[in-house]
Each structure stands twice: as structure tokens, then as C-alpha cells.
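protein35.txt (compact mmCIF, C-alpha atoms (C1' of nucleotides))
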```txt
# COMPACT_ATOMS: atom_id res chain seq x y z
CA MET P 1 -15.65 -15.01 -10.50
CA LEU P 2 -12.81 -14.09 -8.27
CA THR P 3 -12.19 -10.48 -9.08
CA GLY P 4 -15.00 -9.96 -11.50
CA ASP P 5 -14.08 -8.88 -14.98
CA ILE P 6 -12.32 -5.71 -14.08
CA PRO P 7 -9.24 -5.09 -16.20
CA PRO P 8 -5.91 -4.49 -14.50
CA ASN P 9 -5.45 -1.05 -13.07
CA GLN P 10 -2.58 0.40 -11.11
CA THR P 11 -5.07 1.29 -8.42
CA ILE P 12 -6.63 -1.38 -6.26
CA TYR P 13 -10.07 -1.19 -4.71
CA ILE P 14 -10.42 -2.71 -1.28
CA LYS P 15 -13.67 -3.48 0.48
CA ASN P 16 -14.85 -5.24 3.60
CA LEU P 17 -12.60 -3.02 5.67
CA ASN P 18 -13.29 -2.61 9.36
CA GLU P 19 -15.43 0.50 9.58
CA LYS P 20 -14.52 1.20 13.17
CA ILE P 21 -11.01 2.24 12.27
CA LYS P 22 -10.48 5.96 11.99
CA LYS P 23 -9.75 7.27 8.55
CA GLU P 24 -6.24 8.48 9.22
CA GLU P 25 -5.14 5.32 10.93
CA LEU P 26 -6.70 3.24 8.20
CA LYS P 27 -4.84 5.12 5.52
CA ARG P 28 -1.54 4.85 7.32
CA SER P 29 -1.96 1.15 7.91
CA LEU P 30 -2.92 0.53 4.31
CA TYR P 31 0.11 2.47 3.21
CA ALA P 32 2.36 0.44 5.45
CA LEU P 33 0.81 -2.83 4.45
CA PHE P 34 0.88 -2.27 0.70
CA SER P 35 4.10 -0.37 0.23
CA GLN P 36 5.91 -3.71 0.16
CA TYR P 37 4.53 -4.18 -3.36
CA GLY P 38 5.79 -0.96 -4.85
CA ARG P 39 5.66 2.79 -4.64
CA ILE P 40 2.30 4.07 -3.50
CA LEU P 41 1.09 7.28 -5.08
CA ASP P 42 -2.00 7.77 -2.97
CA VAL P 43 -4.39 6.14 -0.54
CA VAL P 44 -7.99 7.28 -0.58
CA ALA P 45 -10.52 6.41 2.09
CA LEU P 46 -13.76 8.18 2.85
CA LYS P 47 -16.15 7.62 5.71
CA THR P 48 -19.25 8.82 3.97
CA PRO P 49 -22.21 6.43 4.25
CA LYS P 50 -21.70 5.22 0.74
CA LEU P 51 -17.95 4.81 0.93
CA ARG P 52 -17.02 3.63 4.37
CA GLY P 53 -15.40 0.23 4.56
CA GLN P 54 -13.68 0.82 1.23
CA ALA P 55 -10.41 2.28 0.09
CA TRP P 56 -8.26 2.82 -2.97
CA VAL P 57 -4.54 2.38 -3.10
CA ALA P 58 -2.83 3.77 -6.20
CA PHE P 59 0.54 2.29 -7.16
CA SER P 60 3.05 3.66 -9.60
CA GLU P 61 3.00 0.37 -11.51
CA VAL P 62 0.26 -2.02 -12.57
CA THR P 63 2.43 -5.00 -11.65
CA ALA P 64 2.53 -3.83 -8.06
CA ALA P 65 -1.24 -3.69 -8.02
CA SER P 66 -1.46 -7.18 -9.51
CA ASN P 67 0.79 -8.63 -6.85
CA ALA P 68 -1.15 -6.88 -4.15
CA VAL P 69 -4.46 -8.19 -5.45
CA ARG P 70 -3.17 -11.75 -5.39
CA GLN P 71 -1.03 -11.77 -2.29
CA MET P 72 -3.23 -9.76 0.02
CA GLN P 73 -6.53 -11.26 -1.04
CA ASN P 74 -8.50 -12.11 2.12
CA PHE P 75 -5.71 -10.89 4.35
CA PRO P 76 -7.14 -10.44 7.86
CA PHE P 77 -6.83 -6.74 8.45
CA TYR P 78 -8.28 -5.43 11.70
CA ASP P 79 -10.08 -8.75 12.01
CA LYS P 80 -11.77 -8.66 8.64
CA PRO P 81 -10.61 -10.31 5.43
CA MET P 82 -9.80 -7.72 2.81
CA ARG P 83 -11.56 -8.14 -0.52
CA ILE P 84 -9.38 -6.67 -3.22
CA GLN P 85 -10.05 -5.88 -6.85
CA TYR P 86 -8.65 -3.58 -9.45
CA ALA P 87 -10.25 -0.16 -9.35
CA LYS P 88 -12.74 0.50 -12.10
CA THR P 89 -11.39 3.88 -13.07
CA LYS P 90 -8.14 5.76 -13.15
CA SER P 91 -7.19 7.59 -9.99
CA ASP P 92 -6.87 11.34 -10.14
CA CYS P 93 -3.32 11.14 -8.86
CA VAL P 94 -2.45 8.91 -11.79
CA ALA P 95 -4.08 11.21 -14.30
CA LYS P 96 -2.21 14.08 -12.75
CA ALA P 97 1.06 12.23 -13.09
CA GLU P 98 0.35 11.67 -16.77
CA GLY P 99 -0.75 15.22 -17.30
CA SER P 100 -4.20 14.09 -18.39
CA TYR P 101 -6.04 15.23 -15.31
CA VAL P 102 -9.11 17.35 -15.82
CA PRO P 103 -10.74 18.59 -12.64
CA ARG P 104 -14.26 17.30 -12.37
CA GLU P 105 -17.01 19.79 -12.22
CA LYS P 106 -20.51 18.99 -11.07
CA LYS P 107 -21.60 16.24 -13.34
CA LYS P 108 -23.60 13.10 -13.46
CA LYS P 109 -22.35 9.74 -14.44
CA GLN P 110 -23.68 9.96 -17.98
CA GLU P 111 -21.87 13.15 -18.69
CA GLU P 112 -18.70 11.60 -17.39
CA LYS P 113 -18.73 9.06 -20.16
CA ALA P 114 -19.15 11.72 -22.78
CA GLU P 115 -16.35 13.69 -21.30
CA ARG P 116 -14.02 10.73 -21.21
CA LYS P 117 -14.59 10.24 -24.93
CA ARG P 118 -14.05 13.87 -25.65
CA ARG P 119 -10.84 13.78 -23.73
CA THR P 120 -9.33 10.91 -25.69
CA GLU P 121 -10.29 12.51 -28.98
CA GLU P 122 -8.56 15.71 -28.10
CA THR P 123 -5.11 16.06 -29.46
CA GLN P 124 -2.74 15.69 -26.60
CA GLN P 125 -1.53 19.18 -26.11
CA SER P 126 -1.39 18.66 -22.40
CA THR P 127 1.52 20.41 -20.86
CA VAL P 128 3.01 18.31 -18.14
CA PRO P 129 3.30 20.44 -15.05
CA ASN P 130 6.55 20.78 -13.23
CA GLY P 131 8.03 17.50 -12.09
CA THR P 132 5.58 16.96 -9.29
CA SER P 133 5.63 14.64 -6.34
CA ALA P 134 7.81 11.61 -5.80
CA GLN P 135 8.32 12.87 -2.32
CA ASN P 136 8.67 9.85 -0.08
CA GLY P 137 12.10 8.40 0.22
CA ALA P 138 13.29 4.97 -0.80
CA THR P 139 11.25 2.12 0.59
CA ALA P 140 10.96 -1.62 0.47
CA ALA P 141 10.33 -1.49 -3.22
CA SER P 142 13.74 -0.07 -3.97
CA PHE P 143 15.36 -3.10 -2.50
CA ARG P 144 13.24 -5.81 -3.97
CA HIS P 145 13.06 -4.36 -7.42
CA GLY P 146 16.70 -3.55 -7.63
CA ASN P 147 17.69 -7.04 -6.59
CA SER P 148 18.18 -9.40 -9.47
CA SER P 149 18.07 -12.45 -7.23
CA SER P 150 14.81 -11.33 -5.67
CA GLN P 151 11.86 -13.65 -5.76
CA GLU P 152 8.25 -13.15 -4.83
CA ALA P 153 7.70 -11.10 -1.74
CA SER P 154 6.78 -13.34 1.15
CA ALA P 155 3.27 -13.14 2.42
CA PRO P 156 2.73 -10.91 5.42
CA ASN P 157 4.00 -12.34 8.66
CA ASN P 158 4.25 -11.07 12.20
CA ILE P 159 7.93 -11.89 12.04
CA LEU P 160 10.27 -9.67 10.06
CA PHE P 161 13.48 -10.77 8.45
CA ILE P 162 16.23 -8.17 8.54
CA GLU P 163 19.27 -8.28 6.28
CA ASN P 164 22.29 -6.19 5.53
CA LEU P 165 22.99 -5.30 9.13
CA PRO P 166 26.49 -4.34 10.19
CA LEU P 167 28.22 -7.45 11.43
CA GLU P 168 28.63 -6.03 14.90
CA THR P 169 24.90 -5.45 15.37
CA ASN P 170 23.59 -6.89 18.60
CA SER P 171 20.05 -7.49 19.74
CA MET P 172 20.06 -4.52 22.08
CA MET P 173 20.67 -2.14 19.19
CA LEU P 174 17.86 -3.66 17.20
CA GLU P 175 15.52 -3.67 20.12
CA LEU P 176 16.09 0.05 20.60
CA LEU P 177 15.01 0.61 17.04
CA PHE P 178 12.08 -1.75 16.82
CA ARG P 179 10.53 -1.43 20.22
CA GLN P 180 9.25 2.03 19.39
CA TYR P 181 6.58 0.42 17.20
CA PRO P 182 3.40 -0.99 18.74
CA GLY P 183 3.19 -4.74 19.10
CA PHE P 184 6.92 -5.31 19.37
CA LYS P 185 7.76 -8.62 21.04
CA GLU P 186 11.38 -9.58 20.55
CA VAL P 187 14.52 -9.55 18.47
CA ARG P 188 16.39 -12.69 17.58
CA ILE P 189 19.85 -12.64 16.14
CA ILE P 190 21.59 -15.70 14.85
CA GLU P 191 25.10 -15.90 16.25
CA ALA P 192 26.15 -18.18 13.47
CA LYS P 193 24.88 -15.78 10.81
CA PRO P 194 26.00 -12.23 11.39
CA GLY P 195 24.20 -9.51 9.45
CA ILE P 196 20.70 -10.87 9.75
CA ALA P 197 18.02 -10.91 12.41
CA PHE P 198 14.41 -11.73 13.06
CA VAL P 199 12.07 -9.33 14.79
CA GLU P 200 8.74 -10.51 16.07
CA PHE P 201 5.55 -8.46 16.49
CA GLU P 202 2.13 -9.32 17.83
CA ASP P 203 0.56 -9.41 14.39
CA ASP P 204 1.10 -8.80 10.72
CA VAL P 205 -0.31 -5.31 10.71
CA GLN P 206 2.06 -4.14 13.38
CA SER P 207 5.05 -5.82 11.81
CA SER P 208 4.13 -4.13 8.53
CA MET P 209 4.07 -0.74 10.18
CA ALA P 210 7.54 -1.26 11.59
CA MET P 211 8.78 -2.54 8.27
CA GLN P 212 7.54 0.52 6.49
CA ALA P 213 8.99 2.83 9.10
CA LEU P 214 12.43 1.29 9.28
CA GLN P 215 12.92 0.07 5.74
CA GLY P 216 16.31 1.24 4.57
CA PHE P 217 17.28 2.56 7.98
CA LYS P 218 21.04 2.90 8.17
CA ILE P 219 22.86 1.80 11.29
CA THR P 220 25.97 2.74 9.34
CA PRO P 221 26.03 4.57 6.00
CA GLN P 222 26.94 1.31 4.26
CA ASN P 223 24.14 -0.69 5.78
CA PRO P 224 20.62 0.23 4.77
CA MET P 225 18.40 -2.39 6.39
CA ALA P 226 16.53 -4.65 4.02
CA ILE P 227 13.36 -5.81 5.71
CA THR P 228 11.03 -8.46 4.41
CA PHE P 229 8.49 -10.75 5.99
CA ALA P 230 10.03 -13.93 7.31
CA LYS P 231 8.98 -17.03 5.46
CA LYS P 232 6.36 -18.99 7.29
C1' DA J 1 -22.84 -4.50 -0.95
C1' DG J 2 -21.06 -0.30 -1.80
C1' DC J 3 -15.82 2.44 -7.17
C1' DA J 4 -13.40 8.19 -5.20
C1' DC J 5 -10.23 11.65 -5.44
C1' DA J 6 -13.67 18.11 -3.10
```

Now, as a test, write the supplied structure out as C-alpha cells.
Amino acid sequence: MLTGDIPPNQTIYIKNLNEKIKKEELKRSLYALFSQYGRILDVVALKTPKLRGQAWVAFSEVTAASNAVRQMQNFPFYDKPMRIQYAKTKSDCVAKAEGSYVPREKKKKQEEKAERKRRTEETQQSTVPNGTSAQNGATAASFRHGNSSSQEASAPNNILFIENLPLETNSMMLELLFRQYPGFKEVRIIEAKPGIAFVEFEDDVQSSMAMQALQGFKITPQNPMAITFAKK
DNA sequence: AGCACA
């Protein structure tokens, strides 16, 4: 029983998170860590007694969630292995995107079931609101998904692999960019292979943050950086 | 262990 019998869901449920991490930092780190698998619609984390140590990450695609469940299973995140499953229910942000969102009023779990049934029986006269959201710019996902020769995303690594750099890029330029992120250690360029570089951080979480922040960064208009984790 | 969105 690895993930239990929970059917695939575009939202993942994460538990065994380090409860000492502040909510905002936790959400940002989760966003950075998981955005390599696809577009993230929302990250939810609460610190209430019942819900601390857990979080939900909603993706725009189920396949992104599936990859995340597999690849990040037991990933040591703030010194604790993440336990990841599919969420049991649909996220509000997803329902909103489909136009099927109904704000919850005070209700108990039993009434929720009844309401869910009622909702599906209703004829779908839901008017989709104005084209909402889709606010964050292009990220890692744009590159990997748009690339026909792309394979599986590499597992998280404290070393980043940078491609599509202008040929004249030197390590000083890259260091200026990457050293603004915590945990930065060093840049390595390969003289024999212009256009690529490796950037090392203290750990995977910090490298992920930098990846998220600088993904697609353009040193020249023709050269959006493509950042992935280096292969181990 | 624990499945929410206020």
C-alpha cells in the first residue's frame, strides 16, 4: 500500500512536513520545488492543530501530479521525508477554474456528500466567469513540455544544469545572477561546451528556489535560460 | 497520523 487507494487527482496531498517552518516560507518552497512538474494553480498550507505538517499543491494537469507523487516521494525536505499522495477531493481553485465551484457554507461532512450529488445532477448551466488567473509567467514547465526531445525530469539535485546561454556567457555573469539566492556555492562553465553551465547550491531545496526564480531568465532576448537538475 | 481552500 504505497499511496493507498486514492484515485489520481491533479492536487497532491503532502504530509510529514517539518512543522517548524513558517507557513509562508513553506508555501514558497513547495511552489519552487514542485513547479518543475508543471504549472501550479495553488498551494495550501494551514498551521491549525489538525492541519499542520500537511499541504496541498494543485497542478493544472493530473500528469504533473502523478510525476510529482512518484519523483518526490520521500524527498528530504527540511530534514523530513515528504509523504505524498493524491488529494482526496478536488481543490477549490480547480473547481473555480472549471466553473463548478460552489462556496461552502457551514456544513458537516454528511451534508457535503449530499451536496456533491446534487451538484452533479444539476444541469450544467454554470457560467464560466471571466478568464481568470493564469497570472504567473512562463516557468520550467514551458520548456520541458514544449520540447519534443525531453525526457523525464531529473530528480532534484543541489546542482543545476543551465542550457541555452549566450555563447559569450562567462562564470562571472552567472555568478552575479545566482549568488543572490541562499545556499549558492559556485558556477562551473565548460570551456569546451559553450552555452551550458553547472551551478551548485548547498542543497536541493535551495537549488530549487533558484531554479524557480531564474527559469527562463534572458541574458539576451534570444536566450531564455533552461534550467534543470543536473543528473546525478 | 492528520485531507483544505474562510

Closest-contact table, chain J side, partner chain P, 7 Å, counting only C-alpha atoms (C1' of nucleotides), as JSON lines:
```
{"residue": "J:DG2", "atom": "C1'", "partner": "P:Lys50", "partner_atom": "CA", "distance": 6.1}
{"residue": "J:DC3", "atom": "C1'", "partner": "P:Lys88", "partner_atom": "CA", "distance": 6.1}
{"residue": "J:DC5", "atom": "C1'", "partner": "P:Asp92", "partner_atom": "CA", "distance": 5.8}
```

One decimal, Å: what's the distance from CA of Leu17 (chain P) over to CA of Lys80 (chain P), could you say?
->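 Interatomic distance, CA of Leu17 (chain P) to CA of Lys80 (chain P): 6.4 Å.
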
What's the 8 Å shell around region 66-74 of chain P, counting all atoms listed in the file, without same-chain residues fewer than 2 positions away, as a list of chain:residue names?
-> P:Pro8, P:Gln10, P:Ile12, P:Phe34, P:Tyr37, P:Val62, P:Thr63, P:Ala64, P:Pro76, P:Pro81, P:Met82, P:Arg83, P:Ile84, P:Gln85, P:Tyr86, P:Ala155

d(CA of Pro7 (chain P), C1' of DA4 (chain J)) in Å |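 Distance between the two atoms: 17.7 Å.
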
Using 4 Å of padding on each side, determine the axis-aligned box around all atoms of region 176-191 of chain P present in the file and give its centre and edge lengths in Å to one decimal, as AutoDock Vina command-line options.
```
--center_x 14.1 --center_y -6.9 --center_z 17.9 --size_x 29.9 --size_y 25.9 --size_z 14.2
```

Determine, counting all atoms listed in the file, which protein, DNA and RNA residues have an atom within 12 Å of an atom of Thr169 (chain P); residues of the same chain fewer than 2 positions away are not included. Present the result as a list in words.
-> Ile162, Glu163, Asn164, Leu165, Pro166, Leu167, Ser171, Met172, Met173, Leu174, Glu175, Leu176, Leu177, Val187, Arg188, Ile189, Ile190, Glu191, Lys193, Pro194, Gly195, Ile196, Ala197, Lys218, Ile219, Thr220, Asn223 and Met225 of chain P

Just how far from CA of Asn158 (chain P) is CA of Asp203 (chain P), in Å to one decimal?
->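 Spanning CA of Asp203 (chain P) to CA of Asn158 (chain P) is a straight-line distance of 4.6 Å.
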
Closest of P:Lys185, P:Lys47, P:Arg39, P:Lys231 to Glu19 (chain P), counting only C-alpha atoms, is P:Lys47

How would you write as an MDAnalysis selection string the residues that get within 12 Å of (2.1, -11.4, 6.6) in the file's frame, counting only C-alpha atoms (C1' of nucleotides)?
-> chainID P and resid 32:34 36 71:77 153:161 200:209 211 228:232

Any chance you could build region 189-224 of chain P out to N, CA and C atoms and write it as an mmCIF file, keeping the file's coordinate frame?
```cif
data_model
loop_
_atom_site.group_PDB
_atom_site.id
_atom_site.type_symbol
_atom_site.label_atom_id
_atom_site.label_comp_id
_atom_site.auth_asym_id
_atom_site.auth_seq_id
_atom_site.Cartn_x
_atom_site.Cartn_y
_atom_site.Cartn_z
ATOM 1 N N ILE P 189 18.725 -12.608 17.073
ATOM 2 C CA ILE P 189 19.850 -12.640 16.140
ATOM 3 C C ILE P 189 20.413 -14.052 16.115
ATOM 4 N N ILE P 190 21.041 -14.362 15.025
ATOM 5 C CA ILE P 190 21.590 -15.700 14.850
ATOM 6 C C ILE P 190 23.102 -15.556 14.954
ATOM 7 N N GLU P 191 23.650 -16.052 16.031
ATOM 8 C CA GLU P 191 25.100 -15.900 16.250
ATOM 9 C C GLU P 191 25.891 -16.445 15.074
ATOM 10 N N ALA P 192 25.406 -17.529 14.546
ATOM 11 C CA ALA P 192 26.150 -18.180 13.470
ATOM 12 C C ALA P 192 26.025 -17.430 12.136
ATOM 13 N N LYS P 193 25.082 -16.497 12.069
ATOM 14 C CA LYS P 193 24.880 -15.780 10.810
ATOM 15 C C LYS P 193 24.840 -14.282 11.061
ATOM 16 N N PRO P 194 25.984 -13.668 11.159
ATOM 17 C CA PRO P 194 26.000 -12.230 11.390
ATOM 18 C C PRO P 194 25.366 -11.482 10.214
ATOM 19 N N GLY P 195 24.765 -10.334 10.522
ATOM 20 C CA GLY P 195 24.200 -9.510 9.450
ATOM 21 C C GLY P 195 22.722 -9.722 9.238
ATOM 22 N N ILE P 196 22.141 -10.693 9.887
ATOM 23 C CA ILE P 196 20.700 -10.870 9.750
ATOM 24 C C ILE P 196 20.051 -10.991 11.129
ATOM 25 N N ALA P 197 18.757 -10.809 11.143
ATOM 26 C CA ALA P 197 18.020 -10.910 12.410
ATOM 27 C C ALA P 197 16.547 -11.153 12.120
ATOM 28 N N PHE P 198 15.867 -11.617 13.128
ATOM 29 C CA PHE P 198 14.410 -11.730 13.060
ATOM 30 C C PHE P 198 13.807 -10.847 14.145
ATOM 31 N N VAL P 199 12.731 -10.175 13.800
ATOM 32 C CA VAL P 199 12.070 -9.330 14.790
ATOM 33 C C VAL P 199 10.588 -9.692 14.801
ATOM 34 N N GLU P 200 10.114 -10.021 15.967
ATOM 35 C CA GLU P 200 8.740 -10.510 16.070
ATOM 36 C C GLU P 200 7.805 -9.445 16.636
ATOM 37 N N PHE P 201 6.621 -9.351 16.021
ATOM 38 C CA PHE P 201 5.550 -8.460 16.490
ATOM 39 C C PHE P 201 4.320 -9.285 16.827
ATOM 40 N N GLU P 202 3.357 -8.616 17.450
ATOM 41 C CA GLU P 202 2.130 -9.320 17.830
ATOM 42 C C GLU P 202 1.376 -9.825 16.602
ATOM 43 N N ASP P 203 1.306 -8.985 15.581
ATOM 44 C CA ASP P 203 0.560 -9.410 14.390
ATOM 45 C C ASP P 203 1.147 -8.784 13.129
ATOM 46 N N ASP P 204 0.583 -9.198 12.022
ATOM 47 C CA ASP P 204 1.100 -8.800 10.720
ATOM 48 C C ASP P 204 0.955 -7.301 10.463
ATOM 49 N N VAL P 205 -0.115 -6.737 10.967
ATOM 50 C CA VAL P 205 -0.310 -5.310 10.710
ATOM 51 C C VAL P 205 0.776 -4.503 11.406
ATOM 52 N N GLN P 206 1.045 -4.879 12.636
ATOM 53 C CA GLN P 206 2.060 -4.140 13.380
ATOM 54 C C GLN P 206 3.466 -4.371 12.815
ATOM 55 N N SER P 207 3.738 -5.577 12.409
ATOM 56 C CA SER P 207 5.050 -5.820 11.810
ATOM 57 C C SER P 207 5.189 -5.017 10.513
ATOM 58 N N SER P 208 4.087 -4.898 9.782
ATOM 59 C CA SER P 208 4.130 -4.130 8.530
ATOM 60 C C SER P 208 4.418 -2.658 8.786
ATOM 61 N N MET P 209 3.831 -2.148 9.852
ATOM 62 C CA MET P 209 4.070 -0.740 10.180
ATOM 63 C C MET P 209 5.552 -0.507 10.480
ATOM 64 N N ALA P 210 6.125 -1.403 11.251
ATOM 65 C CA ALA P 210 7.540 -1.260 11.590
ATOM 66 C C ALA P 210 8.407 -1.410 10.351
ATOM 67 N N MET P 211 8.012 -2.340 9.497
ATOM 68 C CA MET P 211 8.780 -2.540 8.270
ATOM 69 C C MET P 211 8.818 -1.261 7.441
ATOM 70 N N GLN P 212 7.635 -0.707 7.278
ATOM 71 C CA GLN P 212 7.540 0.520 6.490
ATOM 72 C C GLN P 212 8.377 1.641 7.113
ATOM 73 N N ALA P 213 8.306 1.726 8.425
ATOM 74 C CA ALA P 213 8.990 2.830 9.100
ATOM 75 C C ALA P 213 10.502 2.686 9.043
ATOM 76 N N LEU P 214 10.984 1.480 9.145
ATOM 77 C CA LEU P 214 12.430 1.290 9.280
ATOM 78 C C LEU P 214 13.099 0.751 8.015
ATOM 79 N N GLN P 215 12.334 0.567 6.985
ATOM 80 C CA GLN P 215 12.920 0.070 5.740
ATOM 81 C C GLN P 215 14.033 0.995 5.294
ATOM 82 N N GLY P 216 15.202 0.425 5.048
ATOM 83 C CA GLY P 216 16.310 1.240 4.570
ATOM 84 C C GLY P 216 17.040 2.007 5.656
ATOM 85 N N PHE P 217 16.613 1.839 6.882
ATOM 86 C CA PHE P 217 17.280 2.560 7.980
ATOM 87 C C PHE P 217 18.756 2.171 8.041
ATOM 88 N N LYS P 218 19.599 3.165 8.196
ATOM 89 C CA LYS P 218 21.040 2.900 8.170
ATOM 90 C C LYS P 218 21.638 2.959 9.568
ATOM 91 N N ILE P 219 22.099 1.825 10.032
ATOM 92 C CA ILE P 219 22.860 1.800 11.290
ATOM 93 C C ILE P 219 24.251 2.355 11.010
ATOM 94 N N THR P 220 24.793 2.037 9.870
ATOM 95 C CA THR P 220 25.970 2.740 9.340
ATOM 96 C C THR P 220 25.614 3.154 7.917
ATOM 97 N N PRO P 221 26.357 4.101 7.357
ATOM 98 C CA PRO P 221 26.030 4.570 6.000
ATOM 99 C C PRO P 221 26.055 3.450 4.967
ATOM 100 N N GLN P 222 26.834 2.406 5.233
ATOM 101 C CA GLN P 222 26.940 1.310 4.260
ATOM 102 C C GLN P 222 25.849 0.269 4.431
ATOM 103 N N ASN P 223 25.037 0.405 5.461
ATOM 104 C CA ASN P 223 24.140 -0.690 5.780
ATOM 105 C C ASN P 223 22.663 -0.317 5.869
ATOM 106 N N PRO P 224 22.074 0.048 4.731
ATOM 107 C CA PRO P 224 20.620 0.230 4.770
ATOM 108 C C PRO P 224 19.934 -1.108 5.038
#
```
